[in-house]
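Below: the structure, in C-alpha cells.
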Amino acid sequence: MFIVELARGLWVILRSMFEKPVTYQYPEVKRPVHARFKGRHNLHRYENGLEKCIGCALCAAACPSDAIFVESAENTDEVRYSPGERYASTYEINMLRCIFCGYCEDACPTEAIVLGDNYELSFYDRRSAIYTKEMLIMPVPEAGKPTPQKVEPGKFTRSIPVMENPKD
Amino acid sequence: MTAALLIEYIIKSVLILLVMTAGFAYVTYYERKALARMQTRIGPNRAGPWGLFQPVADGIKLIFKEEFIPAKADKLLFLLAPVITVIPALIITAVVPWGPTIEVLGRQINLYLANVNVAILYLGAVASIAVYGIVLAGWSSNNKYAMMGGLRSTAQMISYELALGLSFVSVTLLAGSMSLVDIVNAQGTNGILGWIVWNLSQPLGFVLFMIAGLAETNRAPFDLPEAEHELTAGYHTEYSGMKFAMFYMAEYIKIIAISMIAATLFLGGYLGPFINQLPWLGPIYLFIKTLIVIFVFIWIRATWPRFRYDRLMAFGWKVLLPLGFLNVFIAAVVTVLRGG
C-alpha cells in the first residue's frame, strides 16, 4: 500500500530531526583538506632561510593557462636569495587564470613551488587576483635568516642542494 | 457604532495585519530551521541570535534586487497582480476567532474581528480571489509560457478548491452554522468529549482539508509552480525582486491562514484546558495549534516528492472530489443520528 510507504517516509524524516547536524560552522571551524589537496601555491624555503626558487621559469613554461610570470636576477655572495646562480626577482601568479592542475609543482626542479591547502582565494577586484612573491613565499624558518643573506664565498655553488626523494 | 467600537476594530485589524506580515517573515525562518534539522543541518544562524534576523536580511536583499518589467507587458496589471495576490491572503483570517470574550478596561471585547454568519463562504470566496493575481501575472507578462503557467496554476487551484469546499460543507453540517465562532463553540459544547466525537466523525474531512490546503497554498507535494525550470507558475518567468517576493509572501501568509483555519475547524480553535477561567489563553492555544499544523506542512515538504501535473489533476478530480462527497455523506449521517 502506498499510503504505508508515505507514512514510513514521514517517520524517517521525523527521526532524522533528532540526529546531530553535520554542518561545519565554516569560518570558525574549517574542515581539514586531504593530503594531496591542491590549494593556493606556496614558495618554499630551505632550513637556513634561502629561497628554493631559482627563477628558472620552468613552472611558467609548464603552466597550461599561462598564469605564472617569473623574472630572474643574479645572486651574489653579498646579496644572496637562493643557492646557485639566480633567483626569482619577480614571481607572480594570476589566480583568476590558475586551474590548480599542479603542473608547476611537477616542473619545479627544486620543489620550490608546492600547491598548499589554502582555498580561501576571494578578492574584490581583478588586480588583487595577482599574487606576488611576497604573498606566496613561506615565512622564514626558525633556524634561518631572512633573504637576502650575506654568505661566505664559495659556499653555495650548486643550484640544487642534495635533496631527498619526495615522500608522498 | 460608537467611537470606542471603531477604535476596537481598528486595533484588531492592525493587530491581524501585523501578525500576518510579521508571521510571514518568521514562517520562512521557521521553515528553514525545521527543514535544516530534518536534513541534519543547522540552518540560518548568522544574522542575530540563532539567526533570528535572517528574515530581515532576506527582506533587505529583496528590496535592493533589480526589478524588471518586460517591454510589451501590461504595466498596470503587471504591477497590480502581486497586490491582488497578497491582499486576499491578508484578509482571509479576519473571520477566524482567536479567543473568547475578555474584559479590558470594563469593556467586553470579543477576540475576533468579525463574526460573519457566512464565514465559511467568505473563506472560500477570498481564497479563490488570489488565483486572479496568479493568472493576471502570467497573462500581463506578455510571454506565452508565463501565460500557460498561469492557466495551469488556475486549473490546479480550481480542482483543489472543490475538495476544500466539500470539507467545509461537512463541518458546516456538523456545527449547524457557517460562522467560525459557532463552529469552535460546537466543538467545545461537551468539553473534551465533544471535541473527540467531532473529530472521530471527521478524520477524513481533516485529511481532505489538509491535502486541499497544501494544494491551495502551492506547497509540496503540490508545489508545481516551484518546478521553475520545467513548469513555472506564470509569475516565475518575468517577475523579479520585491514583486516576485510578494507572491511568496502571499503563499506563506496563506500557509498561516490555512493552518489557522485547520486548527479552528478541526482542532478546537482557541479551546483548551482552563479556557473558561483564563480567556487570555485562547490566542496562545490557537498559536500553538497553528504552529503544529505549519510543522506538519513543513514535514510533508521535507518528505514527499512533487506530483506530476497530470497525476495532480487526476488526484484532485478522481480521488479527492469523490472522497469529499463521501465525507459530506458521513457528516450528514452523523448529524441525523445525533438528531440535528
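Starting from 1 in every chain, residues are counted up; chains themselves are A, B, ... following the order of the C-alpha cells, and ligands are numbered from 1 as listed.
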I'd like a table as a Markdown table: residues in chain B with an atom no more than 7 Å from chain A, each row giving the shortest atom pair and its distance in Å to one decimal, only C-alpha atoms counted, sorted by chain and rising residue number.
| residue | atom | partner | partner_atom | distance |
| --- | --- | --- | --- | --- |
| B:Arg37 | CA | A:Met17 | CA | 5.0 |
| B:Met38 | CA | A:Met17 | CA | 4.4 |
| B:Gln39 | CA | A:Ser16 | CA | 6.9 |
| B:Thr40 | CA | A:Pro21 | CA | 4.3 |
| B:Arg41 | CA | A:Pro21 | CA | 4.7 |
| B:Ile42 | CA | A:Pro21 | CA | 6.0 |
| B:Thr303 | CA | A:Leu10 | CA | 5.9 |
Backbone DSSP call of alpha helix (DSSP H) for stretch 183-288 of chain B, listed as a short mmCIF file (atom, residue, chain, number, x, y, z; two decimals) with C-alpha atoms, in the first residue's frame:
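File written: part_1.cif
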data_model
loop_
_atom_site.label_atom_id
_atom_site.label_comp_id
_atom_site.auth_asym_id
_atom_site.auth_seq_id
_atom_site.Cartn_x
_atom_site.Cartn_y
_atom_site.Cartn_z
CA ILE B 183 -18.08 26.07 14.81
CA VAL B 184 -15.47 26.48 17.55
CA ASN B 185 -18.18 26.61 20.20
CA ALA B 186 -19.82 23.48 18.75
CA GLN B 187 -16.55 21.64 19.32
CA GLY B 188 -16.48 22.76 22.94
CA GLY B 191 -15.92 19.52 26.84
CA ILE B 192 -13.08 17.33 25.63
CA LEU B 193 -15.58 14.56 24.84
CA GLY B 194 -17.45 16.78 22.42
CA TRP B 195 -14.19 17.57 20.64
CA ILE B 196 -13.29 13.87 20.37
CA VAL B 197 -16.71 12.98 18.94
CA TRP B 198 -16.40 15.86 16.49
CA ASN B 199 -13.05 14.64 15.22
CA LEU B 200 -13.91 10.93 15.25
CA PRO B 203 -10.85 12.23 10.25
CA LEU B 204 -11.44 12.06 6.51
CA GLY B 205 -12.54 15.69 6.48
CA PHE B 206 -9.37 16.77 8.22
CA VAL B 207 -7.14 14.83 5.83
CA LEU B 208 -9.04 16.20 2.84
CA PHE B 209 -8.76 19.71 4.20
CA MET B 210 -5.02 19.33 4.74
CA ILE B 211 -4.43 17.94 1.25
CA ALA B 212 -6.57 20.60 -0.39
CA GLY B 213 -4.90 23.23 1.77
CA LEU B 214 -1.47 22.07 0.65
CA ALA B 215 -2.53 22.30 -2.98
CA GLU B 216 -4.24 25.63 -2.42
CA TYR B 235 4.95 34.79 -12.12
CA HIS B 236 8.25 32.94 -12.05
CA THR B 237 9.08 33.82 -15.63
CA GLU B 238 9.12 37.61 -15.66
CA GLY B 241 12.87 41.48 -6.78
CA MET B 242 10.19 42.58 -4.35
CA LYS B 243 7.32 41.89 -6.80
CA PHE B 244 8.41 38.27 -7.00
CA ALA B 245 8.76 38.15 -3.24
CA MET B 246 5.17 39.31 -2.85
CA PHE B 247 3.92 36.09 -4.45
CA TYR B 248 5.92 34.16 -1.89
CA MET B 249 4.65 36.47 0.81
CA ALA B 250 1.10 35.60 -0.24
CA GLU B 251 1.98 31.91 -0.23
CA TYR B 252 3.41 31.99 3.28
CA ILE B 253 0.62 34.16 4.65
CA LYS B 254 -1.82 31.66 3.16
CA ILE B 255 0.03 28.86 4.94
CA ILE B 256 -0.58 30.67 8.23
CA ALA B 257 -4.20 31.27 7.24
CA ILE B 258 -4.84 27.66 6.18
CA SER B 259 -3.18 26.40 9.37
CA MET B 260 -5.29 28.72 11.49
CA ILE B 261 -8.43 27.60 9.67
CA ALA B 262 -7.46 23.93 10.03
CA ALA B 263 -6.92 24.48 13.76
CA THR B 264 -10.26 26.26 14.00
CA LEU B 265 -12.33 23.78 12.02
CA PHE B 266 -10.85 20.52 13.25
CA LEU B 281 -5.15 31.54 26.99
CA GLY B 282 -7.28 31.44 23.83
CA PRO B 283 -4.82 33.14 21.44
CA ILE B 284 -1.98 31.08 22.93
CA TYR B 285 -3.82 27.80 22.28
CA LEU B 286 -4.63 28.89 18.75
CA PHE B 287 -1.00 29.94 18.20
CA ILE B 288 0.33 26.58 19.40
#
Which distance in Å separates atom CA of B:Leu77 and atom CA of B:Ser153, to one decimal?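 For atom CA of B:Leu77 relative to atom CA of B:Ser153, the distance reads 17.6 Å.
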Which one is closest to B:Phe295: B:Ala34, B:Leu17, B:Ala220, B:Leu111? Count only C-alpha atoms.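 Smallest distance to B:Phe295 is found for B:Ala34.
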List the neighbours of B:Arg338 out to 12 Å using only C-alpha atoms; skip same-chain residues closer than 4 positions along the sequence, and give me the result as a VMD selection string. chain B and resid 173 to 176 197 to 198 201 331 to 334
Test item, strand (DSSP E) assignment across stretch 87-130 of chain A, answer as a ChimeraX atom specification: /A:87-94,113-115,130
Proximity to A:Gly49 - best of A:Ile137, A:Val33, A:Cys101, A:Met1, only C-alpha atoms: A:Ile137
Nearest-residue call for B:Leu113, choices B:Ile300, B:Val181, B:Ile60, B:Leu326, using only C-alpha atoms: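 Closest candidate: B:Val181.
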